[in-house]
Amino acid sequence: MSVTTERRTNLRRTELLETVRAALPGSAVAVVACILAITTIVISLFRQPLDLVASLAGLAIAVPVAMAAIAAGPVRIVAAIAALALAAVAPSLLLLGGRPGSALLVALLYAGAAVGARRAVHAAVLRPPRARIAGGRVGASAHPVLLANPKSGGGTIERISLGAEAVRRGIEYLVLGPGDDLRLRAEEAVQRGADVVGMAGGDGSQAVVAQVAMTHDVAFVCVPVGTRNHFAKDLGLDPGDPVGALHAFGDAEEIRIDLGMIADRVFVNNASFGIYAVIAGTEGYREHKPETAWQVLPGVLGPEAGPVDIRFTGPDGREQAGFQLLLISNDPYRFTADSRFGSRDRLDLGVLGITAAKGGEGDDFLAFATEWWRGGGGRPSAWLQWQATEIEVRSAGPIPAGVDGEALMFDPPVQVRSLPSALRVRVAPAGVRSR
């Protein structure tokens with residue numbers, strides 16, 4: 001077995017163990033509740049074999065249907081209604097048979113099993129996995145500083161009283177005011193002796209402070225209060241618990257992750273050229289992303305749209321042009337049609353994930369996207385995906401790009417490269433939450 005194969009095998013084994021560990025508590029609750037419900041049904045209807053068979057059959061069919069209701073998308077409502085109808089067979093027969101206490105107990109046990117099963121599925125399938133990066137334990141920061149963007153996430157930091165929580169923990173809390181330069185504020189914090197700097201904001205703000213931390217080799221803390229929080233999710237943080245991220249300023253775990261660099265600017269997620277860059281540069285996009293994208297796409301893909309002038313060297317070493325999308329990510333994204341679409345399993349591979357798509361215009365592009373989403377992959381010549389440590393993007397004029405969701409313009413050629421293990425990131429120990 002080669003070293004690469006062995007590493008992949010070990011990674012899959014680790015993934016499986018983490019999935020089992022995450023799903024175990026919810027699964028245990030669901031199994032125990034089902035066993036107790038079955039026991040109650042058998043004891044109560046033992047002398048009524050027809051009702052007993054009907055009740056157990058309803059439960060046996062309701063379980064897989066309920067799982068579909070938890071995990072499925074378009075059929076969720078139908079599956080949920082069907083599962084409830086099937087599960088109601090036993091309580092209904094018990095109630096009609098003059099056993100209201102048993103009926104209520106079975107209904108409560110069913111509810112407990114449903115809650116446990118949903119938590120198990122969410123933990124094992126729907127929640128992005130924590131980045132599996134080897135790290136080490138570190139002590140509390142001597143001079144912690146947290147910068148905060150009050151506009152991120154529609155004012156999340158005010159709603160959760162993040163500033164008060166930070167000050168209570170001894171963290172210097174700096175809120176950006178109108179006209180403040182985030183990079184300059186972060187630099188000043190480091191010059192005043194900060195040994196750990198954190199950012200409470202969206203991914204674009206995270207990248208700015210991360211670049212300062214990288215330059216001065218101080219540790220970085222991500223506090224997820226943005227709208228999407230892609231970077232935080234791929235770090236394994238819980239966007240629903242931004243206060244819990246403050247634990248990383250105390251006794252914590254420190255890991256090293258990669259960063260991406262486009263020209264002289266760091267990115268934590270991706271740099272995108274083509275369709276997305278045009279959409280991201282449209283006024284109003286940040287406030288109304290879906291609506292803006294819907295309005296812009298016809299002009300980008302319609303019959304009146306001109307070609308996208310971006311050129312690059314493909315994985316085979318040949319010049320490529322005419323692609324409508326070029327996505328360059330800091331470590332590769334998952335592009336599988338499942339709930340983990342668009343997430344990254346690791347942030348320490350030391351490579352860029354590069355994806356280029358050319359689907360034609362109008363209906364041709366929609367057909368290409370539909371075919372790819374269903375697993376067909378589209379025409380081989382219309383879809384390129386590979387990994388590299390660097391790539392050069394060329395054009396006849398200035399190149400628009402979306403960098404961590406922000407619209408920027410670069411003079412050609414644009415150099416994009418990976419910065420392996422460039423950033424020291426502190427995360428709260430596993431299992432630690434805000435309260």
# chains A, B, ... in the order shown; residues from 1 in each chain; ligands from 1
$ closest_atom_pairs --of "segment 76-181 of chain A" --to "segment 205-215 of chain A" --cutoff "10 Å" --atoms "only C-alpha atoms" --output "JSON lines"
{"residue": "A:Leu147", "atom": "CA", "partner": "A:Val209", "partner_atom": "CA", "distance": 8.6}
{"residue": "A:Ala148", "atom": "CA", "partner": "A:Ser205", "partner_atom": "CA", "distance": 9.0}
{"residue": "A:Asn149", "atom": "CA", "partner": "A:Ser205", "partner_atom": "CA", "distance": 8.0}
{"residue": "A:Ser152", "atom": "CA", "partner": "A:Ser205", "partner_atom": "CA", "distance": 9.2}
$ write_last_selection --atoms "C-alpha atoms" --output "PDB file, in the first residue's frame"
ATOM      1  CA  LEU A 147     -12.085  43.272  16.524  1.00  0.00           C
ATOM      2  CA  ALA A 148     -15.771  43.423  15.605  1.00  0.00           C
ATOM      3  CA  ASN A 149     -17.730  44.643  12.620  1.00  0.00           C
ATOM      4  CA  SER A 152     -21.941  41.828  10.029  1.00  0.00           C
TER       5      SER A 152
END
$ residues_around --residues "Ala88 of chain A" --least-positions-apart "4" --cutoff "9 Å" --atoms "only C-alpha atoms" --output "PyMOL selection string"
chain A and resi 55+58-59+83-84+92-93+107
$ write_last_selection --atoms "N, CA and C atoms" --output "mmCIF file, in the first residue's frame"
data_model
loop_
_atom_site.group_PDB
_atom_site.id
_atom_site.type_symbol
_atom_site.label_atom_id
_atom_site.label_comp_id
_atom_site.auth_asym_id
_atom_site.auth_seq_id
_atom_site.Cartn_x
_atom_site.Cartn_y
_atom_site.Cartn_z
ATOM 1 N N SER A 55 -50.338 -2.376 14.713
ATOM 2 C CA SER A 55 -49.538 -1.345 15.385
ATOM 3 C C SER A 55 -48.056 -1.492 15.081
ATOM 4 N N GLY A 58 -47.351 -0.634 11.439
ATOM 5 C CA GLY A 58 -47.341 0.816 11.242
ATOM 6 C C GLY A 58 -46.039 1.440 11.699
ATOM 7 N N LEU A 59 -45.522 0.973 12.857
ATOM 8 C CA LEU A 59 -44.249 1.487 13.360
ATOM 9 C C LEU A 59 -43.097 1.105 12.442
ATOM 10 N N ALA A 83 -45.455 9.557 7.710
ATOM 11 C CA ALA A 83 -44.874 8.991 8.929
ATOM 12 C C ALA A 83 -45.785 9.215 10.130
ATOM 13 N N LEU A 84 -46.364 10.406 10.230
ATOM 14 C CA LEU A 84 -47.276 10.688 11.342
ATOM 15 C C LEU A 84 -48.511 9.799 11.283
ATOM 16 N N SER A 92 -53.791 5.198 18.321
ATOM 17 C CA SER A 92 -55.227 5.218 18.026
ATOM 18 C C SER A 92 -55.896 3.924 18.469
ATOM 19 N N LEU A 93 -55.270 2.786 18.162
ATOM 20 C CA LEU A 93 -55.848 1.500 18.563
ATOM 21 C C LEU A 93 -55.859 1.345 20.083
ATOM 22 N N ALA A 107 -47.194 7.677 22.358
ATOM 23 C CA ALA A 107 -47.047 8.918 21.580
ATOM 24 C C ALA A 107 -45.832 9.715 22.047
#
$ select_by_dssp --residues "segment 161-283 of chain A" --states "alpha helix (DSSP H)" --output "ChimeraX atom specification"
/A:162-168,182-191,203-216,230-235,275-280
$ select_by_dssp --residues "segment 91-310 of chain A" --states "strand (DSSP E)" --output "PDB file with C-alpha atoms, in the first residue's frame"
ATOM      1  CA  GLY A 135      -3.019  20.590  16.707  1.00  0.00           C
ATOM      2  CA  GLY A 136      -1.770  21.108  20.225  1.00  0.00           C
ATOM      3  CA  ARG A 137      -3.095  22.522  23.471  1.00  0.00           C
ATOM      4  CA  VAL A 138      -2.080  26.077  24.356  1.00  0.00           C
ATOM      5  CA  PRO A 144      -6.200  38.971  23.657  1.00  0.00           C
ATOM      6  CA  VAL A 145      -7.811  41.424  21.234  1.00  0.00           C
ATOM      7  CA  LEU A 146     -11.105  40.982  19.383  1.00  0.00           C
ATOM      8  CA  LEU A 147     -12.085  43.272  16.524  1.00  0.00           C
ATOM      9  CA  ALA A 148     -15.771  43.423  15.605  1.00  0.00           C
ATOM     10  CA  GLU A 172      -9.844  43.789  24.650  1.00  0.00           C
ATOM     11  CA  TYR A 173     -12.844  44.564  22.450  1.00  0.00           C
ATOM     12  CA  LEU A 174     -12.505  46.939  19.491  1.00  0.00           C
ATOM     13  CA  VAL A 175     -15.598  47.866  17.479  1.00  0.00           C
ATOM     14  CA  VAL A 196      -3.901  36.630  19.844  1.00  0.00           C
ATOM     15  CA  VAL A 197      -6.146  38.640  17.520  1.00  0.00           C
ATOM     16  CA  GLY A 198      -9.687  37.654  16.650  1.00  0.00           C
ATOM     17  CA  MET A 199     -12.309  38.881  14.229  1.00  0.00           C
ATOM     18  CA  ALA A 200     -16.059  38.931  14.722  1.00  0.00           C
ATOM     19  CA  GLY A 201     -17.361  39.472  11.227  1.00  0.00           C
ATOM     20  CA  ALA A 219      -2.512  33.403  16.674  1.00  0.00           C
ATOM     21  CA  PHE A 220      -5.935  34.077  15.152  1.00  0.00           C
ATOM     22  CA  VAL A 221      -9.473  33.455  16.439  1.00  0.00           C
ATOM     23  CA  CYS A 222     -12.540  33.330  14.187  1.00  0.00           C
ATOM     24  CA  VAL A 223     -15.822  34.442  15.787  1.00  0.00           C
ATOM     25  CA  PRO A 224     -18.676  33.636  13.367  1.00  0.00           C
ATOM     26  CA  ALA A 252      -7.510  26.193  23.651  1.00  0.00           C
ATOM     27  CA  GLU A 253      -6.304  24.068  20.773  1.00  0.00           C
ATOM     28  CA  GLU A 254      -4.004  25.626  18.183  1.00  0.00           C
ATOM     29  CA  ILE A 255      -3.850  24.357  14.621  1.00  0.00           C
ATOM     30  CA  ARG A 256      -2.130  25.543  11.457  1.00  0.00           C
ATOM     31  CA  ILE A 257      -4.170  26.038   8.315  1.00  0.00           C
ATOM     32  CA  ASP A 258      -3.551  27.185   4.750  1.00  0.00           C
ATOM     33  CA  LEU A 259      -4.463  30.537   3.260  1.00  0.00           C
ATOM     34  CA  GLY A 260      -4.894  31.589  -0.344  1.00  0.00           C
ATOM     35  CA  MET A 261      -3.174  34.626  -1.857  1.00  0.00           C
ATOM     36  CA  ILE A 262      -4.447  36.568  -4.868  1.00  0.00           C
ATOM     37  CA  ARG A 265      -4.380  39.912  -0.778  1.00  0.00           C
ATOM     38  CA  VAL A 266      -5.166  36.904   1.414  1.00  0.00           C
ATOM     39  CA  PHE A 267      -8.394  34.924   1.093  1.00  0.00           C
ATOM     40  CA  ASN A 270     -12.077  31.468  -2.555  1.00  0.00           C
ATOM     41  CA  ALA A 271     -11.391  33.813  -5.416  1.00  0.00           C
ATOM     42  CA  SER A 272     -13.857  33.572  -8.293  1.00  0.00           C
ATOM     43  CA  PHE A 273     -13.680  34.874 -11.858  1.00  0.00           C
ATOM     44  CA  GLY A 274     -16.402  35.067 -14.491  1.00  0.00           C
TER      45      GLY A 274
END
$ closest_atom_pairs --of "segment 219-243 of chain A" --to "segment 157-168 of chain A" --cutoff "9 Å" --atoms "only C-alpha atoms" --output "CSV"
residue,atom,partner,partner_atom,distance
A:Val225,CA,A:Ile157,CA,6.8
A:Pro242,CA,A:Leu162,CA,8.2
A:Val243,CA,A:Leu162,CA,6.5
$ atom_distance --atom1 "atom CA of Asp217 of chain A" --atom2 "atom CA of Ala189 of chain A"
13.4 Å
$ residues_around --residues "Gln320 of chain A" --least-positions-apart "4" --cutoff "12 Å" --atoms "only C-alpha atoms" --output "compact mmCIF listing (two decimals) with N, CA and C atoms, in the first residue's frame"
# COMPACT_ATOMS: atom_id res chain seq x y z
N VAL A 308 -16.70 35.76 -21.74
CA VAL A 308 -15.96 36.12 -20.54
C VAL A 308 -14.47 36.01 -20.85
N ASP A 309 -13.75 37.11 -20.75
CA ASP A 309 -12.34 37.13 -21.14
C ASP A 309 -11.45 36.76 -19.97
N ILE A 310 -11.36 35.47 -19.69
CA ILE A 310 -10.39 34.97 -18.72
C ILE A 310 -9.67 33.78 -19.35
N ARG A 311 -8.37 33.76 -19.18
CA ARG A 311 -7.57 32.67 -19.75
C ARG A 311 -6.64 32.13 -18.67
N PHE A 312 -6.34 30.85 -18.75
CA PHE A 312 -5.50 30.21 -17.74
C PHE A 312 -4.95 28.92 -18.33
N THR A 313 -3.98 28.36 -17.69
CA THR A 313 -3.40 27.08 -18.10
C THR A 313 -4.10 25.96 -17.36
N GLY A 314 -4.67 25.01 -18.12
CA GLY A 314 -5.42 23.93 -17.52
C GLY A 314 -4.53 22.84 -16.94
N PRO A 315 -5.14 21.79 -16.41
CA PRO A 315 -4.36 20.71 -15.77
C PRO A 315 -3.48 19.95 -16.75
N ASP A 316 -3.80 20.02 -18.05
CA ASP A 316 -2.99 19.33 -19.05
C ASP A 316 -1.89 20.21 -19.62
N GLN A 324 -16.96 30.18 -18.39
CA GLN A 324 -17.80 31.20 -17.76
C GLN A 324 -17.58 31.32 -16.26
N LEU A 325 -16.94 30.34 -15.68
CA LEU A 325 -16.68 30.37 -14.26
C LEU A 325 -15.33 29.75 -13.97
N LEU A 326 -14.53 30.45 -13.19
CA LEU A 326 -13.27 29.91 -12.69
C LEU A 326 -13.24 30.16 -11.19
N ALA A 356 -13.31 24.94 -13.19
CA ALA A 356 -13.71 25.79 -14.31
C ALA A 356 -14.90 25.16 -15.01
N ALA A 357 -15.91 25.96 -15.32
CA ALA A 357 -17.13 25.45 -15.96
C ALA A 357 -17.46 26.28 -17.19
N LYS A 358 -17.86 25.60 -18.24
CA LYS A 358 -18.26 26.24 -19.50
C LYS A 358 -19.51 25.52 -19.98
N SER A 381 -15.27 18.43 -21.75
CA SER A 381 -14.54 19.64 -22.13
C SER A 381 -15.11 20.89 -21.47
N ALA A 382 -16.31 20.77 -20.87
CA ALA A 382 -16.96 21.92 -20.26
C ALA A 382 -16.75 21.96 -18.75
N TRP A 383 -16.03 21.01 -18.20
CA TRP A 383 -15.85 20.96 -16.75
C TRP A 383 -14.43 20.50 -16.45
N LEU A 384 -13.67 21.37 -15.81
CA LEU A 384 -12.30 21.03 -15.40
C LEU A 384 -12.20 21.17 -13.89
N GLU A 392 -2.09 31.20 -12.76
CA GLU A 392 -2.09 32.57 -13.27
C GLU A 392 -3.33 32.77 -14.13
N VAL A 393 -4.06 33.86 -13.86
CA VAL A 393 -5.26 34.21 -14.62
C VAL A 393 -4.93 35.40 -15.50
N ARG A 394 -5.21 35.26 -16.80
CA ARG A 394 -4.84 36.28 -17.78
C ARG A 394 -6.08 36.85 -18.47
N SER A 395 -5.94 38.09 -18.97
CA SER A 395 -7.03 38.75 -19.68
C SER A 395 -6.45 39.94 -20.43
$ closest_residue --among "A:Ala134, A:Gly202, A:Ile391, A:Ala321" --to "Arg424 of chain A" --atoms "only C-alpha atoms"
A:Ala134
$ residues_around --residues "Gly98 of chain A" --least-positions-apart "6" --cutoff "12 Å" --atoms "only C-alpha atoms" --output "ChimeraX atom specification"
/A:44-45,91-92,104
$ write_last_selection --atoms "C-alpha atoms" --output "PDB file, in the first residue's frame"
ATOM      1  CA  SER A  44     -50.975  -3.555  26.047  1.00  0.00           C
ATOM      2  CA  LEU A  45     -52.197  -5.397  22.938  1.00  0.00           C
ATOM      3  CA  PRO A  91     -51.864   5.165  19.821  1.00  0.00           C
ATOM      4  CA  SER A  92     -55.227   5.218  18.026  1.00  0.00           C
ATOM      5  CA  LEU A 104     -50.172   8.766  25.627  1.00  0.00           C
TER       6      LEU A 104
END
